[in-house]
Amino acid sequence: MVDVVLFNLSKAFDVVNYSLLIDKLRLLGVHGPLLSWITNFLNFLNFQKNVLSGVSQGSVLGPLLFLVYINFLPTYIHSKCKFFAEDMKIYLELQRVPLWLETQKFETVYRVVDSWSLHFNLNKCAVLHCQRASTDHINTGPLHFYMMDTIALSIVSTHKDLDITVDSTLKFHCHISKTVKKAAGLTNNLLNSTLCHDKDFMITLFKSHIRPLLEFSSIVWNTGYLGNQKLLESTQRRWTKQIAGMTDLNYADRLQTLNLYSI
């Protein structure tokens with residue numbers, strides 16, 4: 001059994017403390033002209049106003065500086081963890097990790113983050129309780145609860161993580177259903193507002209607007225369930241049937257004629 005604890009930092013890029021960031025760069029061995037250049041970069045971004053915190057999200061350097069800022073956080077976490085910008089995940093294998101110890105670590109992480117002028121958005125933090133169906137009989141007790149700042153983190157069956165809806169079974173049925181619904185809505189809007197159904201125009205429209213929705217991060221959620229594949233295929237089936245000259249052809253012939261491949 002594994003609990004995945006998902007954390008989210010509030011307005012993380014906006015509250016990075018400049019002086020603390022410079023100190024952390026020094027600890028990582030950044031000195032001399034490079035450190036002066038980064039300091040000038042931060043000061044230049046905000047020279048018109050007296051701003052002492054934040055890194056520019058529109059710059060190339062901004063995300064890197066934020067990663068440097070939170071780079072020391074894993075030293076307080078002895079479980080497996082992942083970071084991506086302001087999102088953090090901790091994986092707890094329940095049969096090996098004492099629960100009280102991990103709960104204590106969460107409080108430590110909370111205090112450390114707070115001392116860096118960062119704050120967890122506890123409304124967006126959640127816990128996914130994952131286990132194989134064949135081990136359901138093992139978990140006869142209540143689900144584990146995790147506290148941060150005296151608030152119990154929500155235990156959920158699905159959670160949106162980096163725009164992918166993850167569920168406790170890791171089958172991703174919910175994500176695919178939402179993806180197809182979003183793609184179908186866009187398909188309706190485009191077909192209702194498009195008079196030209198010429199082949200080249202329709203294929204360009206499909207590849208640039210609809211197909212990217214269906215394919216986004218598919219390497220994560222494509223687990224090969226036939227029902228999901230048919231659901232994903234339905235959007236492309238409908239779109240290709242609306243192309244001029246394709247109405248009377250079956251789906252396989254449409255794909256071959258249009259030089260498209262099956263979802």
# chains A, B, ... in the order shown; residues from 1 in each chain; ligands from 1
>>> select_by_dssp(residues="stretch 38-240 of chain A", states="strand (DSSP E or B)", output="VMD selection string")
chain A and resid 53 80 to 84 87 to 93 120 126 to 130 147 to 148 151 to 152 154 to 156 158 to 161 164 to 167
>>> write_last_selection(atoms="N, CA and C atoms", output="short mmCIF file (atom, residue, chain, number, x, y, z; two decimals), in the first residue's frame")
data_model
loop_
_atom_site.label_atom_id
_atom_site.label_comp_id
_atom_site.auth_asym_id
_atom_site.auth_seq_id
_atom_site.Cartn_x
_atom_site.Cartn_y
_atom_site.Cartn_z
N SER A 53 10.86 40.40 -3.30
CA SER A 53 10.60 38.97 -3.42
C SER A 53 10.05 38.65 -4.79
N LYS A 80 10.53 8.94 -0.56
CA LYS A 80 10.68 9.31 -1.97
C LYS A 80 9.83 10.54 -2.26
N CYS A 81 10.39 11.48 -2.99
CA CYS A 81 9.64 12.70 -3.30
C CYS A 81 9.99 13.19 -4.69
N LYS A 82 9.08 13.96 -5.27
CA LYS A 82 9.26 14.55 -6.60
C LYS A 82 8.87 16.02 -6.53
N PHE A 83 9.62 16.85 -7.26
CA PHE A 83 9.32 18.27 -7.33
C PHE A 83 9.16 18.70 -8.78
N PHE A 84 8.18 19.55 -9.04
CA PHE A 84 8.07 20.21 -10.34
C PHE A 84 7.48 21.59 -10.09
N ASP A 87 4.80 22.32 -7.33
CA ASP A 87 4.11 21.08 -6.95
C ASP A 87 5.11 20.08 -6.38
N MET A 88 4.70 19.38 -5.33
CA MET A 88 5.56 18.42 -4.66
C MET A 88 4.75 17.17 -4.33
N LYS A 89 5.37 16.00 -4.49
CA LYS A 89 4.71 14.74 -4.16
C LYS A 89 5.63 13.92 -3.26
N ILE A 90 5.05 13.30 -2.26
CA ILE A 90 5.79 12.39 -1.39
C ILE A 90 5.12 11.02 -1.46
N TYR A 91 5.93 9.96 -1.61
CA TYR A 91 5.42 8.60 -1.70
C TYR A 91 5.76 7.85 -0.42
N LEU A 92 4.74 7.30 0.24
CA LEU A 92 4.93 6.60 1.50
C LEU A 92 4.50 5.15 1.36
N GLU A 93 5.45 4.24 1.50
CA GLU A 93 5.11 2.81 1.50
C GLU A 93 4.73 2.45 2.93
N PHE A 120 2.02 26.52 2.00
CA PHE A 120 1.25 25.47 1.33
C PHE A 120 -0.20 25.91 1.18
N ALA A 126 -3.62 17.02 -1.09
CA ALA A 126 -4.49 15.85 -0.99
C ALA A 126 -3.66 14.58 -0.85
N VAL A 127 -4.35 13.50 -0.49
CA VAL A 127 -3.71 12.20 -0.32
C VAL A 127 -4.44 11.17 -1.17
N LEU A 128 -3.68 10.46 -2.01
CA LEU A 128 -4.21 9.33 -2.77
C LEU A 128 -3.76 8.04 -2.09
N HIS A 129 -4.70 7.20 -1.73
CA HIS A 129 -4.38 5.93 -1.06
C HIS A 129 -4.43 4.83 -2.12
N CYS A 130 -3.26 4.31 -2.48
CA CYS A 130 -3.15 3.36 -3.60
C CYS A 130 -2.78 1.97 -3.10
N MET A 147 -1.60 15.31 8.97
CA MET A 147 -1.91 16.65 9.46
C MET A 147 -0.82 17.63 9.06
N MET A 148 -1.24 18.84 8.72
CA MET A 148 -0.30 19.95 8.53
C MET A 148 -0.94 21.19 9.11
N ILE A 151 -4.38 20.85 10.38
CA ILE A 151 -5.44 20.59 9.40
C ILE A 151 -5.19 19.23 8.76
N ALA A 152 -6.23 18.40 8.72
CA ALA A 152 -6.11 17.08 8.09
C ALA A 152 -6.18 17.22 6.57
N SER A 154 -6.98 16.24 2.82
CA SER A 154 -8.11 15.51 2.24
C SER A 154 -7.64 14.20 1.62
N ILE A 155 -8.39 13.12 1.86
CA ILE A 155 -8.14 11.85 1.19
C ILE A 155 -9.10 11.74 0.02
N VAL A 156 -8.56 11.62 -1.19
CA VAL A 156 -9.36 11.68 -2.40
C VAL A 156 -9.13 10.42 -3.24
N THR A 158 -9.44 10.73 -6.71
CA THR A 158 -8.81 11.29 -7.90
C THR A 158 -8.24 12.66 -7.57
N HIS A 159 -7.19 13.04 -8.29
CA HIS A 159 -6.60 14.35 -8.07
C HIS A 159 -5.88 14.80 -9.33
N LYS A 160 -6.01 16.08 -9.66
CA LYS A 160 -5.36 16.62 -10.85
C LYS A 160 -3.92 16.99 -10.52
N ASP A 161 -3.00 16.37 -11.22
CA ASP A 161 -1.58 16.59 -10.98
C ASP A 161 -0.90 16.92 -12.30
N ILE A 164 -2.97 16.20 -15.32
CA ILE A 164 -3.39 14.81 -15.51
C ILE A 164 -4.19 14.39 -14.28
N THR A 165 -5.40 13.89 -14.51
CA THR A 165 -6.22 13.42 -13.40
C THR A 165 -5.79 12.00 -13.04
N VAL A 166 -5.20 11.88 -11.86
CA VAL A 166 -4.68 10.60 -11.38
C VAL A 166 -5.68 10.01 -10.41
N ASP A 167 -5.94 8.71 -10.52
CA ASP A 167 -6.86 8.05 -9.58
C ASP A 167 -6.09 7.01 -8.77
#
>>> atom_distance(atom1="atom CA of A:Gly245", atom2="atom CA of A:Gly185")
23.9 Å
>>> closest_residue(among="A:Asp3, A:Asp248, A:Asp149, A:Glu86", to="A:Asp114", atoms="only C-alpha atoms")
A:Asp149
>>> residues_around(residues="A:Lys124", least_positions_apart="2", cutoff="8 Å", atoms="only C-alpha atoms", output="compact mmCIF listing (two decimals) with C-alpha atoms, in the first residue's frame")
# COMPACT_ATOMS: atom_id res chain seq x y z
CA PHE A 7 1.34 19.35 -2.03
CA ASN A 8 0.86 22.73 -3.68
CA ASN A 121 -2.18 25.84 -0.21
CA LEU A 122 -3.79 23.24 2.05
CA ALA A 126 -4.49 15.85 -0.99
>>> atom_distance(atom1="atom CA of A:His197", atom2="atom CA of A:Ala244")
5.5 Å
>>> atom_distance(atom1="atom CA of A:Gly32", atom2="atom CA of A:Leu61")
17.9 Å
>>> closest_residue(among="A:Thr223, A:Thr75, A:Asn40, A:Asn250", to="A:Leu170", atoms="only C-alpha atoms")
A:Thr223
>>> select_by_dssp(residues="stretch 110-238 of chain A", states="alpha helix (DSSP H)", output="PDB file with N, CA and C atoms, in the first residue's frame")
ATOM      1  N   TYR A 110       6.473  21.803   6.958  1.00  0.00           N
ATOM      2  CA  TYR A 110       5.588  22.973   6.988  1.00  0.00           C
ATOM      3  C   TYR A 110       6.289  24.165   7.639  1.00  0.00           C
ATOM      4  N   ARG A 111       6.959  23.930   8.758  1.00  0.00           N
ATOM      5  CA  ARG A 111       7.641  25.018   9.453  1.00  0.00           C
ATOM      6  C   ARG A 111       8.819  25.557   8.642  1.00  0.00           C
ATOM      7  N   VAL A 112       9.560  24.654   7.993  1.00  0.00           N
ATOM      8  CA  VAL A 112      10.702  25.084   7.184  1.00  0.00           C
ATOM      9  C   VAL A 112      10.234  25.931   6.011  1.00  0.00           C
ATOM     10  N   VAL A 113       9.216  25.455   5.302  1.00  0.00           N
ATOM     11  CA  VAL A 113       8.681  26.191   4.154  1.00  0.00           C
ATOM     12  C   VAL A 113       8.168  27.560   4.598  1.00  0.00           C
ATOM     13  N   ASP A 114       7.489  27.583   5.734  1.00  0.00           N
ATOM     14  CA  ASP A 114       6.970  28.848   6.259  1.00  0.00           C
ATOM     15  C   ASP A 114       8.104  29.823   6.580  1.00  0.00           C
ATOM     16  N   SER A 115       9.226  29.312   7.071  1.00  0.00           N
ATOM     17  CA  SER A 115      10.369  30.176   7.390  1.00  0.00           C
ATOM     18  C   SER A 115      11.018  30.745   6.138  1.00  0.00           C
ATOM     19  N   HIS A 173      -9.019   6.039 -16.064  1.00  0.00           N
ATOM     20  CA  HIS A 173     -10.302   6.107 -16.767  1.00  0.00           C
ATOM     21  C   HIS A 173     -10.902   7.505 -16.656  1.00  0.00           C
ATOM     22  N   CYS A 174     -10.816   8.095 -15.479  1.00  0.00           N
ATOM     23  CA  CYS A 174     -11.401   9.410 -15.247  1.00  0.00           C
ATOM     24  C   CYS A 174     -10.709  10.471 -16.104  1.00  0.00           C
ATOM     25  N   HIS A 175      -9.385  10.392 -16.195  1.00  0.00           N
ATOM     26  CA  HIS A 175      -8.645  11.372 -17.000  1.00  0.00           C
ATOM     27  C   HIS A 175      -9.040  11.282 -18.468  1.00  0.00           C
ATOM     28  N   ILE A 176      -9.133  10.062 -18.982  1.00  0.00           N
ATOM     29  CA  ILE A 176      -9.475   9.882 -20.394  1.00  0.00           C
ATOM     30  C   ILE A 176     -10.888  10.365 -20.669  1.00  0.00           C
ATOM     31  N   SER A 177     -11.801  10.090 -19.752  1.00  0.00           N
ATOM     32  CA  SER A 177     -13.174  10.554 -19.919  1.00  0.00           C
ATOM     33  C   SER A 177     -13.232  12.082 -19.988  1.00  0.00           C
ATOM     34  N   LYS A 178     -12.499  12.752 -19.102  1.00  0.00           N
ATOM     35  CA  LYS A 178     -12.472  14.216 -19.112  1.00  0.00           C
ATOM     36  C   LYS A 178     -11.807  14.747 -20.375  1.00  0.00           C
ATOM     37  N   THR A 179     -10.748  14.076 -20.819  1.00  0.00           N
ATOM     38  CA  THR A 179     -10.036  14.501 -22.026  1.00  0.00           C
ATOM     39  C   THR A 179     -10.936  14.424 -23.250  1.00  0.00           C
ATOM     40  N   VAL A 180     -11.641  13.302 -23.389  1.00  0.00           N
ATOM     41  CA  VAL A 180     -12.532  13.113 -24.532  1.00  0.00           C
ATOM     42  C   VAL A 180     -13.681  14.120 -24.479  1.00  0.00           C
ATOM     43  N   LYS A 181     -14.201  14.381 -23.306  1.00  0.00           N
ATOM     44  CA  LYS A 181     -15.288  15.362 -23.154  1.00  0.00           C
ATOM     45  C   LYS A 181     -14.820  16.755 -23.577  1.00  0.00           C
ATOM     46  N   LYS A 182     -13.597  17.115 -23.192  1.00  0.00           N
ATOM     47  CA  LYS A 182     -13.044  18.415 -23.569  1.00  0.00           C
ATOM     48  C   LYS A 182     -12.820  18.494 -25.077  1.00  0.00           C
ATOM     49  N   ALA A 183     -12.274  17.418 -25.661  1.00  0.00           N
ATOM     50  CA  ALA A 183     -12.036  17.385 -27.100  1.00  0.00           C
ATOM     51  C   ALA A 183     -13.345  17.405 -27.879  1.00  0.00           C
ATOM     52  N   ALA A 184     -14.380  16.710 -27.362  1.00  0.00           N
ATOM     53  CA  ALA A 184     -15.689  16.698 -28.027  1.00  0.00           C
ATOM     54  C   ALA A 184     -16.320  18.084 -28.011  1.00  0.00           C
ATOM     55  N   GLY A 185     -16.167  18.807 -26.907  1.00  0.00           N
ATOM     56  CA  GLY A 185     -16.703  20.162 -26.833  1.00  0.00           C
ATOM     57  C   GLY A 185     -16.034  21.087 -27.829  1.00  0.00           C
ATOM     58  N   LEU A 186     -14.715  20.970 -27.947  1.00  0.00           N
ATOM     59  CA  LEU A 186     -13.987  21.788 -28.923  1.00  0.00           C
ATOM     60  C   LEU A 186     -14.376  21.402 -30.339  1.00  0.00           C
ATOM     61  N   THR A 187     -14.578  20.108 -30.571  1.00  0.00           N
ATOM     62  CA  THR A 187     -15.008  19.639 -31.894  1.00  0.00           C
ATOM     63  C   THR A 187     -16.348  20.247 -32.279  1.00  0.00           C
ATOM     64  N   ASN A 188     -17.279  20.262 -31.346  1.00  0.00           N
ATOM     65  CA  ASN A 188     -18.593  20.871 -31.599  1.00  0.00           C
ATOM     66  C   ASN A 188     -18.451  22.341 -31.982  1.00  0.00           C
ATOM     67  N   ASN A 189     -17.654  23.073 -31.224  1.00  0.00           N
ATOM     68  CA  ASN A 189     -17.484  24.502 -31.487  1.00  0.00           C
ATOM     69  C   ASN A 189     -16.872  24.764 -32.856  1.00  0.00           C
ATOM     70  N   LEU A 190     -15.857  23.974 -33.197  1.00  0.00           N
ATOM     71  CA  LEU A 190     -15.177  24.183 -34.477  1.00  0.00           C
ATOM     72  C   LEU A 190     -16.065  23.804 -35.664  1.00  0.00           C
ATOM     73  N   LEU A 191     -16.777  22.683 -35.539  1.00  0.00           N
ATOM     74  CA  LEU A 191     -17.642  22.253 -36.639  1.00  0.00           C
ATOM     75  C   LEU A 191     -18.812  23.217 -36.844  1.00  0.00           C
ATOM     76  N   ASN A 192     -19.318  23.765 -35.745  1.00  0.00           N
ATOM     77  CA  ASN A 192     -20.444  24.706 -35.843  1.00  0.00           C
ATOM     78  C   ASN A 192     -20.028  26.065 -36.392  1.00  0.00           C
ATOM     79  N   SER A 193     -18.739  26.383 -36.299  1.00  0.00           N
ATOM     80  CA  SER A 193     -18.287  27.702 -36.752  1.00  0.00           C
ATOM     81  C   SER A 193     -17.425  27.637 -38.011  1.00  0.00           C
ATOM     82  N   LYS A 199     -10.396  19.158 -47.282  1.00  0.00           N
ATOM     83  CA  LYS A 199      -9.552  18.162 -46.631  1.00  0.00           C
ATOM     84  C   LYS A 199      -8.332  18.781 -45.945  1.00  0.00           C
ATOM     85  N   ASP A 200      -7.556  19.561 -46.669  1.00  0.00           N
ATOM     86  CA  ASP A 200      -6.321  20.117 -46.105  1.00  0.00           C
ATOM     87  C   ASP A 200      -6.616  21.033 -44.915  1.00  0.00           C
ATOM     88  N   PHE A 201      -7.670  21.856 -45.056  1.00  0.00           N
ATOM     89  CA  PHE A 201      -8.021  22.782 -43.974  1.00  0.00           C
ATOM     90  C   PHE A 201      -8.468  22.026 -42.727  1.00  0.00           C
ATOM     91  N   MET A 202      -9.312  21.012 -42.905  1.00  0.00           N
ATOM     92  CA  MET A 202      -9.849  20.258 -41.779  1.00  0.00           C
ATOM     93  C   MET A 202      -8.761  19.442 -41.068  1.00  0.00           C
ATOM     94  N   ILE A 203      -7.835  18.889 -41.839  1.00  0.00           N
ATOM     95  CA  ILE A 203      -6.748  18.120 -41.232  1.00  0.00           C
ATOM     96  C   ILE A 203      -5.831  19.041 -40.435  1.00  0.00           C
ATOM     97  N   THR A 204      -5.540  20.217 -40.985  1.00  0.00           N
ATOM     98  CA  THR A 204      -4.703  21.188 -40.271  1.00  0.00           C
ATOM     99  C   THR A 204      -5.366  21.607 -38.962  1.00  0.00           C
ATOM    100  N   LEU A 205      -6.677  21.848 -39.025  1.00  0.00           N
ATOM    101  CA  LEU A 205      -7.427  22.254 -37.838  1.00  0.00           C
ATOM    102  C   LEU A 205      -7.410  21.153 -36.778  1.00  0.00           C
ATOM    103  N   ARG A 211      -6.184  17.137 -31.823  1.00  0.00           N
ATOM    104  CA  ARG A 211      -5.309  15.995 -31.550  1.00  0.00           C
ATOM    105  C   ARG A 211      -4.352  16.244 -30.374  1.00  0.00           C
ATOM    106  N   PRO A 212      -3.789  17.457 -30.232  1.00  0.00           N
ATOM    107  CA  PRO A 212      -2.924  17.692 -29.060  1.00  0.00           C
ATOM    108  C   PRO A 212      -3.629  17.459 -27.730  1.00  0.00           C
ATOM    109  N   LEU A 213      -4.934  17.741 -27.666  1.00  0.00           N
ATOM    110  CA  LEU A 213      -5.690  17.470 -26.435  1.00  0.00           C
ATOM    111  C   LEU A 213      -5.732  15.974 -26.141  1.00  0.00           C
ATOM    112  N   LEU A 214      -5.936  15.186 -27.195  1.00  0.00           N
ATOM    113  CA  LEU A 214      -6.052  13.742 -27.029  1.00  0.00           C
ATOM    114  C   LEU A 214      -4.707  13.100 -26.699  1.00  0.00           C
ATOM    115  N   GLU A 215      -3.607  13.712 -27.145  1.00  0.00           N
ATOM    116  CA  GLU A 215      -2.296  13.084 -27.001  1.00  0.00           C
ATOM    117  C   GLU A 215      -1.495  13.600 -25.810  1.00  0.00           C
ATOM    118  N   SER A 218       0.232  11.338 -23.082  1.00  0.00           N
ATOM    119  CA  SER A 218      -0.329   9.989 -23.246  1.00  0.00           C
ATOM    120  C   SER A 218       0.640   8.904 -22.783  1.00  0.00           C
ATOM    121  N   ILE A 219       1.927   9.220 -22.748  1.00  0.00           N
ATOM    122  CA  ILE A 219       2.900   8.221 -22.293  1.00  0.00           C
ATOM    123  C   ILE A 219       2.686   7.871 -20.819  1.00  0.00           C
ATOM    124  N   VAL A 220       1.988   8.763 -20.091  1.00  0.00           N
ATOM    125  CA  VAL A 220       1.685   8.519 -18.676  1.00  0.00           C
ATOM    126  C   VAL A 220       0.402   7.704 -18.523  1.00  0.00           C
ATOM    127  N   TRP A 221      -0.670   8.139 -19.216  1.00  0.00           N
ATOM    128  CA  TRP A 221      -1.992   7.563 -18.915  1.00  0.00           C
ATOM    129  C   TRP A 221      -2.475   6.504 -19.893  1.00  0.00           C
ATOM    130  N   LEU A 226      -9.158  -1.268 -23.834  1.00  0.00           N
ATOM    131  CA  LEU A 226      -9.863  -1.162 -25.101  1.00  0.00           C
ATOM    132  C   LEU A 226     -10.988  -0.138 -25.044  1.00  0.00           C
ATOM    133  N   GLY A 227     -11.706  -0.105 -23.919  1.00  0.00           N
ATOM    134  CA  GLY A 227     -12.792   0.867 -23.778  1.00  0.00           C
ATOM    135  C   GLY A 227     -12.292   2.296 -23.882  1.00  0.00           C
ATOM    136  N   ASN A 228     -11.132   2.575 -23.272  1.00  0.00           N
ATOM    137  CA  ASN A 228     -10.550   3.915 -23.353  1.00  0.00           C
ATOM    138  C   ASN A 228     -10.100   4.243 -24.765  1.00  0.00           C
ATOM    139  N   GLN A 229      -9.533   3.255 -25.456  1.00  0.00           N
ATOM    140  CA  GLN A 229      -9.074   3.481 -26.827  1.00  0.00           C
ATOM    141  C   GLN A 229     -10.247   3.806 -27.756  1.00  0.00           C
ATOM    142  N   LYS A 230     -11.355   3.095 -27.588  1.00  0.00           N
ATOM    143  CA  LYS A 230     -12.535   3.370 -28.410  1.00  0.00           C
ATOM    144  C   LYS A 230     -13.091   4.758 -28.116  1.00  0.00           C
ATOM    145  N   LEU A 231     -13.037   5.137 -26.847  1.00  0.00           N
ATOM    146  CA  LEU A 231     -13.518   6.464 -26.454  1.00  0.00           C
ATOM    147  C   LEU A 231     -12.665   7.553 -27.098  1.00  0.00           C
ATOM    148  N   LEU A 232     -11.359   7.384 -27.054  1.00  0.00           N
ATOM    149  CA  LEU A 232     -10.453   8.356 -27.668  1.00  0.00           C
ATOM    150  C   LEU A 232     -10.637   8.399 -29.180  1.00  0.00           C
ATOM    151  N   GLU A 233     -10.879   7.237 -29.765  1.00  0.00           N
ATOM    152  CA  GLU A 233     -11.031   7.152 -31.215  1.00  0.00           C
ATOM    153  C   GLU A 233     -12.288   7.847 -31.710  1.00  0.00           C
ATOM    154  N   SER A 234     -13.310   7.949 -30.860  1.00  0.00           N
ATOM    155  CA  SER A 234     -14.611   8.471 -31.294  1.00  0.00           C
ATOM    156  C   SER A 234     -14.519   9.911 -31.810  1.00  0.00           C
ATOM    157  N   THR A 235     -13.649  10.725 -31.209  1.00  0.00           N
ATOM    158  CA  THR A 235     -13.511  12.115 -31.653  1.00  0.00           C
ATOM    159  C   THR A 235     -12.943  12.181 -33.062  1.00  0.00           C
ATOM    160  N   GLN A 236     -11.912  11.374 -33.325  1.00  0.00           N
ATOM    161  CA  GLN A 236     -11.307  11.374 -34.658  1.00  0.00           C
ATOM    162  C   GLN A 236     -12.261  10.774 -35.692  1.00  0.00           C
ATOM    163  N   ARG A 237     -13.014   9.755 -35.293  1.00  0.00           N
ATOM    164  CA  ARG A 237     -14.009   9.169 -36.196  1.00  0.00           C
ATOM    165  C   ARG A 237     -15.006  10.242 -36.656  1.00  0.00           C
ATOM    166  N   ARG A 238     -15.495  10.984 -35.690  1.00  0.00           N
ATOM    167  CA  ARG A 238     -16.504  12.007 -36.007  1.00  0.00           C
ATOM    168  C   ARG A 238     -15.916  13.102 -36.891  1.00  0.00           C
TER     169      ARG A 238
END
>>> closest_residue(among="A:Asn222, A:Thr240, A:Asp253, A:Val68", to="A:Leu28", atoms="only C-alpha atoms")
A:Val68
